[in-house]
$ cat model17.cif   # mmCIF, C-alpha atoms
data_my_file
loop_
_atom_site.group_PDB
_atom_site.id
_atom_site.type_symbol
_atom_site.label_atom_id
_atom_site.label_comp_id
_atom_site.auth_asym_id
_atom_site.auth_seq_id
_atom_site.Cartn_x
_atom_site.Cartn_y
_atom_site.Cartn_z
ATOM 1 C CA MET A 1 66.347 -48.760 -41.540
ATOM 2 C CA THR A 2 65.436 -46.233 -38.860
ATOM 3 C CA TRP A 3 62.473 -45.181 -40.919
ATOM 4 C CA LEU A 4 61.129 -48.728 -41.072
ATOM 5 C CA ILE A 5 61.409 -49.188 -37.302
ATOM 6 C CA GLY A 6 59.594 -45.848 -36.700
ATOM 7 C CA ILE A 7 56.790 -46.687 -39.147
ATOM 8 C CA GLY A 8 56.447 -50.196 -37.663
ATOM 9 C CA GLY A 9 56.282 -48.811 -34.131
ATOM 10 C CA LEU A 10 53.657 -46.270 -35.220
ATOM 11 C CA ALA A 11 51.549 -49.008 -36.863
ATOM 12 C CA ILE A 12 51.716 -51.193 -33.762
ATOM 13 C CA GLY A 13 50.792 -48.222 -31.550
ATOM 14 C CA VAL A 14 47.792 -47.343 -33.726
ATOM 15 C CA CYS A 15 46.562 -50.952 -33.655
ATOM 16 C CA LEU A 16 46.902 -51.176 -29.892
ATOM 17 C CA GLY A 17 45.100 -47.817 -29.514
ATOM 18 C CA VAL A 18 42.183 -48.979 -31.697
ATOM 19 C CA ILE A 19 41.874 -52.240 -29.747
ATOM 20 C CA ALA A 20 41.970 -50.463 -26.364
ATOM 21 C CA ALA A 21 39.413 -47.846 -27.473
ATOM 22 C CA SER A 22 37.004 -50.507 -28.718
ATOM 23 C CA ARG A 23 37.232 -52.368 -25.397
ATOM 24 C CA PHE A 24 36.522 -49.243 -23.309
ATOM 25 C CA LYS A 25 33.742 -48.195 -25.625
ATOM 26 C CA ASN A 26 31.893 -51.506 -25.626
ATOM 27 C CA SER A 27 32.577 -52.520 -22.027
ATOM 28 C CA ASN A 28 30.170 -50.052 -20.307
ATOM 29 C CA PRO A 29 26.756 -50.277 -21.980
ATOM 30 C CA THR A 30 25.362 -51.758 -18.759
ATOM 31 C CA ARG A 31 26.764 -48.820 -16.773
ATOM 32 C CA ILE A 32 25.140 -46.373 -19.168
ATOM 33 C CA LEU A 33 21.804 -48.180 -18.811
ATOM 34 C CA GLU A 34 22.155 -48.121 -15.022
ATOM 35 C CA LEU A 35 22.806 -44.391 -15.044
ATOM 36 C CA GLU A 36 19.864 -43.725 -17.372
ATOM 37 C CA GLN A 37 17.613 -45.780 -15.070
ATOM 38 C CA GLN A 38 18.893 -43.871 -12.053
ATOM 39 C CA VAL A 39 18.147 -40.526 -13.728
ATOM 40 C CA HIS A 40 14.657 -41.746 -14.656
ATOM 41 C CA ASP A 41 14.008 -42.915 -11.071
ATOM 42 C CA LEU A 42 15.192 -39.606 -9.633
ATOM 43 C CA GLN A 43 12.947 -37.689 -12.047
ATOM 44 C CA GLN A 44 9.926 -39.746 -10.955
ATOM 45 C CA LYS A 45 10.833 -39.239 -7.300
ATOM 46 C CA HIS A 46 11.093 -35.479 -7.847
ATOM 47 C CA ASP A 47 7.709 -35.389 -9.607
ATOM 48 C CA ARG A 48 6.087 -37.291 -6.715
ATOM 49 C CA TYR A 49 7.681 -34.870 -4.256
ATOM 50 C CA LYS A 50 6.262 -31.855 -6.117
ATOM 51 C CA GLU A 51 2.806 -33.457 -6.112
ATOM 52 C CA ASN A 52 3.064 -34.134 -2.361
ATOM 53 C CA VAL A 53 4.072 -30.540 -1.663
ATOM 54 C CA GLY A 54 1.107 -29.253 -3.691
ATOM 55 C CA GLU A 55 -1.297 -31.567 -1.869
ATOM 56 C CA HIS A 56 0.162 -30.563 1.501
ATOM 57 C CA PHE A 57 -0.340 -26.844 0.953
ATOM 58 C CA SER A 58 -3.798 -27.377 -0.512
ATOM 59 C CA MET A 59 -4.822 -29.336 2.587
ATOM 60 C CA THR A 60 -3.228 -26.690 4.842
ATOM 61 C CA ALA A 61 -5.249 -23.954 3.136
ATOM 62 C CA GLU A 62 -8.475 -25.925 3.649
ATOM 63 C CA LEU A 63 -7.699 -26.546 7.326
ATOM 64 C CA VAL A 64 -6.881 -22.882 7.953
ATOM 65 C CA GLN A 65 -10.150 -21.903 6.268
ATOM 66 C CA HIS A 66 -12.086 -24.301 8.529
ATOM 67 C CA MET A 67 -10.221 -23.008 11.578
ATOM 68 C CA THR A 68 -11.118 -19.408 10.664
ATOM 69 C CA GLU A 69 -14.776 -20.331 10.243
ATOM 70 C CA SER A 70 -14.765 -22.150 13.605
ATOM 71 C CA TYR A 71 -13.157 -19.162 15.291
ATOM 72 C CA ARG A 72 -15.816 -16.899 13.812
ATOM 73 C CA ASP A 73 -18.557 -19.215 15.090
ATOM 74 C CA VAL A 74 -17.045 -19.253 18.588
ATOM 75 C CA TYR A 75 -16.678 -15.469 18.549
ATOM 76 C CA GLN A 76 -20.292 -14.993 17.462
ATOM 77 C CA HIS A 77 -21.438 -17.391 20.199
ATOM 78 C CA LEU A 78 -19.465 -15.476 22.845
ATOM 79 C CA ALA A 79 -20.705 -12.129 21.556
ATOM 80 C CA SER A 80 -24.343 -13.195 21.578
ATOM 81 C CA GLY A 81 -23.926 -14.714 25.057
ATOM 82 C CA ALA A 82 -22.327 -11.512 26.307
ATOM 83 C CA GLN A 83 -25.167 -9.463 24.814
ATOM 84 C CA GLU A 84 -27.786 -11.672 26.517
ATOM 85 C CA LEU A 85 -26.117 -12.330 29.846
ATOM 86 C CA CYS A 86 -24.272 -9.088 30.627
ATOM 87 C CA SER A 87 -25.412 -5.516 30.879
ATOM 88 C CA GLY A 88 -25.249 -3.503 27.644
ATOM 89 C CA ASP A 89 -22.141 -1.483 28.513
ATOM 90 C CA VAL A 90 -20.221 -4.484 29.754
ATOM 91 C CA ALA A 91 -21.200 -6.584 26.749
ATOM 92 C CA ASN A 92 -20.166 -3.873 24.303
ATOM 93 C CA LYS A 93 -16.809 -3.491 26.031
ATOM 94 C CA LEU A 94 -16.166 -7.217 26.196
ATOM 95 C CA LEU A 95 -17.188 -8.302 22.720
ATOM 96 C CA PRO A 96 -18.715 -6.177 20.001
ATOM 97 C CA ALA A 97 -21.745 -7.901 18.520
ATOM 98 C CA SER A 98 -20.746 -7.326 14.942
ATOM 99 C CA GLU A 99 -18.075 -9.648 13.610
ATOM 100 C CA ASP A 100 -17.117 -7.026 11.036
ATOM 101 C CA ILE A 101 -15.546 -4.979 13.798
ATOM 102 C CA VAL A 102 -13.061 -7.748 14.557
ATOM 103 C CA PHE A 103 -12.587 -9.547 11.247
ATOM 104 C CA ASN A 104 -12.968 -6.783 8.678
ATOM 105 C CA ALA A 105 -11.906 -3.709 10.605
ATOM 106 C CA SER A 106 -9.653 -1.368 8.726
ATOM 107 C CA VAL A 107 -6.598 -0.346 10.646
ATOM 108 C CA ASN A 108 -6.144 3.365 11.238
ATOM 109 C CA ASP A 109 -3.037 4.061 9.159
ATOM 110 C CA SER A 110 -2.116 7.195 11.099
ATOM 111 C CA ALA A 111 -1.840 5.188 14.331
ATOM 112 C CA LEU A 112 0.738 2.804 12.875
ATOM 113 C CA GLN A 113 4.159 4.069 11.921
ATOM 114 C CA PRO A 114 7.129 2.061 10.733
ATOM 115 C CA PRO A 115 10.137 1.896 13.005
ATOM 116 C CA ARG A 116 12.690 4.604 12.430
ATOM 117 C CA ASP A 117 16.402 4.162 12.134
ATOM 118 C CA TYR A 118 17.083 7.716 13.293
ATOM 119 C CA ALA A 119 16.220 9.893 16.242
ATOM 120 C CA PRO A 120 13.358 12.309 15.598
ATOM 121 C CA LYS A 121 14.025 16.038 15.955
ATOM 122 C CA GLN A 122 12.925 17.718 19.157
ATOM 123 C CA ASN A 123 11.831 20.847 17.272
ATOM 124 C CA PRO A 124 11.623 21.796 13.568
ATOM 125 C CA THR A 125 14.623 24.148 13.679
ATOM 126 C CA GLN A 126 16.968 21.507 15.072
ATOM 127 C CA LYS A 127 19.517 20.002 12.671
ATOM 128 C CA GLY A 128 18.980 16.323 12.005
ATOM 129 C CA ALA A 129 21.609 13.598 12.433
ATOM 130 C CA LEU A 130 22.091 13.428 8.654
ATOM 131 C CA SER A 131 22.817 17.116 8.320
ATOM 132 C CA GLU A 132 26.332 18.123 7.315
ATOM 133 C CA GLU A 133 26.423 20.538 10.217
ATOM 134 C CA PHE A 134 25.330 18.058 12.891
ATOM 135 C CA GLY A 135 27.660 18.060 15.879
ATOM 136 C CA ILE A 136 30.048 20.639 14.474
ATOM 137 C CA ASP A 137 30.597 23.815 16.444
ATOM 138 C CA LYS A 138 30.895 26.806 14.152
ATOM 139 C CA LYS A 139 32.972 28.872 16.533
ATOM 140 C CA LYS A 140 35.763 30.614 14.700
ATOM 141 C CA ASP A 141 39.106 30.351 16.344
ATOM 142 C CA VAL A 142 40.680 33.771 16.414
ATOM 143 C CA ASP A 143 44.437 33.589 16.647
#
$ encode --input "model17.cif" --output "structure tokens"
Amino acid sequence: MTWLIGIGGLAIGVCLGVIAASRFKNSNPTRILELEQQVHDLQQKHDRYKENVGEHFSMTAELVQHMTESYRDVYQHLASGAQELCSGDVANKLLPASEDIVFNASVNDSALQPPRDYAPKQNPTQKGALSEEFGIDKKKDVD
């Protein structure tokens, strides 16, 4: 008798489990469609954003190019005016006539040095701060 009650309870439990699973499975197709639509909308929004960023930087590059050309034109105008209106020495000191001097000048590499994170030596025989002997007195204590 105990076996029959156990088997009956198991059968009822399996039936209730199948019914509950079918309800949860079939009850959310609209939610799945909503989520798929939301993912699709977000993907389109992201694609539009990437296009806008590309257009923004393209336009920025064009505007900077125009600004550089305008600056060059203003510089050439000032240089030619200085050459015509000022004496030769003053004009050369104020604005060189050649735009290559300003816009395409190569920087003297020996004049520029990167910042140092150490103190330079005062003379070549001095021990540097990274030396093992730096700051250590080598006096022998005689006892």
$ axis_aligned_box --input "model17.cif" --around "region 121-130 of chain A" --padding-each-side "3 Å" --output "JSON"
{"center_x": 16.9, "center_y": 18.8, "center_z": 13.9, "size_x": 16.5, "size_y": 16.7, "size_z": 16.5}
$ atom_distance --input "model17.cif" --atom1 "CA of Glu133 (chain A)" --atom2 "CA of Lys121 (chain A)"
14.4 Å
$ atom_distance --input "model17.cif" --atom1 "CA of Gly88 (chain A)" --atom2 "CA of Val74 (chain A)"
19.9 Å
$ decode --input "model17.cif" --residues "region 15-45 of chain A" --atoms "N, CA, C and O atoms" --output "mmCIF file, in the first residue's frame"
data_model
loop_
_atom_site.group_PDB
_atom_site.id
_atom_site.type_symbol
_atom_site.label_atom_id
_atom_site.label_comp_id
_atom_site.auth_asym_id
_atom_site.auth_seq_id
_atom_site.Cartn_x
_atom_site.Cartn_y
_atom_site.Cartn_z
ATOM 1 N N CYS A 15 2.818 15.411 -13.214
ATOM 2 C CA CYS A 15 1.782 16.098 -14.003
ATOM 3 C C CYS A 15 1.716 17.578 -13.669
ATOM 4 O O CYS A 15 1.618 18.427 -14.575
ATOM 5 N N LEU A 16 1.761 17.898 -12.383
ATOM 6 C CA LEU A 16 1.735 19.306 -11.995
ATOM 7 C C LEU A 16 2.993 20.038 -12.496
ATOM 8 O O LEU A 16 2.923 21.200 -12.909
ATOM 9 N N GLY A 17 4.136 19.388 -12.473
ATOM 10 C CA GLY A 17 5.372 19.991 -12.977
ATOM 11 C C GLY A 17 5.304 20.271 -14.462
ATOM 12 O O GLY A 17 5.749 21.324 -14.942
ATOM 13 N N VAL A 18 4.732 19.320 -15.244
ATOM 14 C CA VAL A 18 4.604 19.518 -16.693
ATOM 15 C C VAL A 18 3.652 20.664 -16.987
ATOM 16 O O VAL A 18 3.901 21.512 -17.857
ATOM 17 N N ILE A 19 2.551 20.739 -16.257
ATOM 18 C CA ILE A 19 1.574 21.820 -16.476
ATOM 19 C C ILE A 19 2.196 23.175 -16.124
ATOM 20 O O ILE A 19 2.056 24.158 -16.869
ATOM 21 N N ALA A 20 2.895 23.261 -15.015
ATOM 22 C CA ALA A 20 3.512 24.531 -14.605
ATOM 23 C C ALA A 20 4.590 24.955 -15.604
ATOM 24 O O ALA A 20 4.715 26.140 -15.938
ATOM 25 N N ALA A 21 5.403 24.008 -16.075
ATOM 26 C CA ALA A 21 6.462 24.339 -17.030
ATOM 27 C C ALA A 21 5.874 24.838 -18.344
ATOM 28 O O ALA A 21 6.398 25.772 -18.957
ATOM 29 N N SER A 22 4.786 24.230 -18.794
ATOM 30 C CA SER A 22 4.190 24.670 -20.057
ATOM 31 C C SER A 22 3.608 26.072 -19.923
ATOM 32 O O SER A 22 3.643 26.857 -20.863
ATOM 33 N N ARG A 23 3.073 26.402 -18.748
ATOM 34 C CA ARG A 23 2.525 27.757 -18.558
ATOM 35 C C ARG A 23 3.635 28.805 -18.563
ATOM 36 O O ARG A 23 3.492 29.860 -19.166
ATOM 37 N N PHE A 24 4.753 28.526 -17.859
ATOM 38 C CA PHE A 24 5.849 29.501 -17.822
ATOM 39 C C PHE A 24 6.530 29.620 -19.169
ATOM 40 O O PHE A 24 6.985 30.679 -19.557
ATOM 41 N N LYS A 25 6.564 28.537 -19.891
ATOM 42 C CA LYS A 25 7.221 28.550 -21.200
ATOM 43 C C LYS A 25 6.418 29.341 -22.220
ATOM 44 O O LYS A 25 6.967 30.099 -23.008
ATOM 45 N N ASN A 26 5.137 29.186 -22.225
ATOM 46 C CA ASN A 26 4.290 29.820 -23.242
ATOM 47 C C ASN A 26 3.767 31.188 -22.813
ATOM 48 O O ASN A 26 3.172 31.882 -23.621
ATOM 49 N N SER A 27 3.992 31.587 -21.571
ATOM 50 C CA SER A 27 3.396 32.836 -21.108
ATOM 51 C C SER A 27 4.214 34.072 -21.482
ATOM 52 O O SER A 27 3.708 35.169 -21.402
ATOM 53 N N ASN A 28 5.498 33.939 -21.888
ATOM 54 C CA ASN A 28 6.347 35.100 -22.113
ATOM 55 C C ASN A 28 6.813 35.296 -23.556
ATOM 56 O O ASN A 28 7.858 35.890 -23.756
ATOM 57 N N PRO A 29 6.116 34.879 -24.564
ATOM 58 C CA PRO A 29 6.617 35.173 -25.912
ATOM 59 C C PRO A 29 6.579 36.673 -26.210
ATOM 60 O O PRO A 29 7.419 37.187 -26.934
ATOM 61 N N THR A 30 5.644 37.400 -25.605
ATOM 62 C CA THR A 30 5.604 38.844 -25.835
ATOM 63 C C THR A 30 6.800 39.514 -25.165
ATOM 64 O O THR A 30 7.363 40.466 -25.715
ATOM 65 N N ARG A 31 7.197 39.013 -24.006
ATOM 66 C CA ARG A 31 8.370 39.580 -23.315
ATOM 67 C C ARG A 31 9.638 39.336 -24.114
ATOM 68 O O ARG A 31 10.497 40.218 -24.205
ATOM 69 N N ILE A 32 9.743 38.168 -24.699
ATOM 70 C CA ILE A 32 10.910 37.855 -25.537
ATOM 71 C C ILE A 32 10.944 38.772 -26.744
ATOM 72 O O ILE A 32 11.998 39.310 -27.106
ATOM 73 N N LEU A 33 9.796 38.991 -27.368
ATOM 74 C CA LEU A 33 9.737 39.903 -28.529
ATOM 75 C C LEU A 33 10.088 41.328 -28.126
ATOM 76 O O LEU A 33 10.773 42.047 -28.870
ATOM 77 N N GLU A 34 9.636 41.749 -26.947
ATOM 78 C CA GLU A 34 9.968 43.091 -26.464
ATOM 79 C C GLU A 34 11.470 43.240 -26.256
ATOM 80 O O GLU A 34 12.063 44.251 -26.633
ATOM 81 N N LEU A 35 12.084 42.222 -25.661
ATOM 82 C CA LEU A 35 13.518 42.279 -25.430
ATOM 83 C C LEU A 35 14.303 42.259 -26.734
ATOM 84 O O LEU A 35 15.303 42.978 -26.876
ATOM 85 N N GLU A 36 13.870 41.461 -27.695
ATOM 86 C CA GLU A 36 14.542 41.442 -29.004
ATOM 87 C C GLU A 36 14.428 42.796 -29.687
ATOM 88 O O GLU A 36 15.382 43.279 -30.289
ATOM 89 N N GLN A 37 13.253 43.435 -29.582
ATOM 90 C CA GLN A 37 13.058 44.760 -30.176
ATOM 91 C C GLN A 37 13.940 45.788 -29.481
ATOM 92 O O GLN A 37 14.529 46.660 -30.130
ATOM 93 N N GLN A 38 14.056 45.672 -28.164
ATOM 94 C CA GLN A 38 14.896 46.601 -27.418
ATOM 95 C C GLN A 38 16.363 46.451 -27.817
ATOM 96 O O GLN A 38 17.066 47.457 -27.995
ATOM 97 N N VAL A 39 16.827 45.226 -27.987
ATOM 98 C CA VAL A 39 18.210 45.001 -28.423
ATOM 99 C C VAL A 39 18.416 45.576 -29.812
ATOM 100 O O VAL A 39 19.434 46.223 -30.098
ATOM 101 N N HIS A 40 17.461 45.372 -30.701
ATOM 102 C CA HIS A 40 17.562 45.901 -32.069
ATOM 103 C C HIS A 40 17.611 47.435 -32.044
ATOM 104 O O HIS A 40 18.421 48.048 -32.758
ATOM 105 N N ASP A 41 16.757 48.052 -31.229
ATOM 106 C CA ASP A 41 16.748 49.520 -31.131
ATOM 107 C C ASP A 41 18.068 50.057 -30.586
ATOM 108 O O ASP A 41 18.594 51.065 -31.071
ATOM 109 N N LEU A 42 18.605 49.379 -29.569
ATOM 110 C CA LEU A 42 19.882 49.819 -29.008
ATOM 111 C C LEU A 42 21.018 49.669 -30.014
ATOM 112 O O LEU A 42 21.919 50.512 -30.069
ATOM 113 N N GLN A 43 20.985 48.617 -30.822
ATOM 114 C CA GLN A 43 22.008 48.427 -31.851
ATOM 115 C C GLN A 43 21.936 49.549 -32.889
ATOM 116 O O GLN A 43 22.975 50.096 -33.283
ATOM 117 N N GLN A 44 20.733 49.912 -33.302
ATOM 118 C CA GLN A 44 20.581 51.017 -34.259
ATOM 119 C C GLN A 44 21.047 52.339 -33.654
ATOM 120 O O GLN A 44 21.709 53.138 -34.323
ATOM 121 N N LYS A 45 20.726 52.555 -32.383
ATOM 122 C CA LYS A 45 21.146 53.778 -31.711
ATOM 123 C C LYS A 45 22.671 53.845 -31.620
ATOM 124 O O LYS A 45 23.268 54.903 -31.856
#
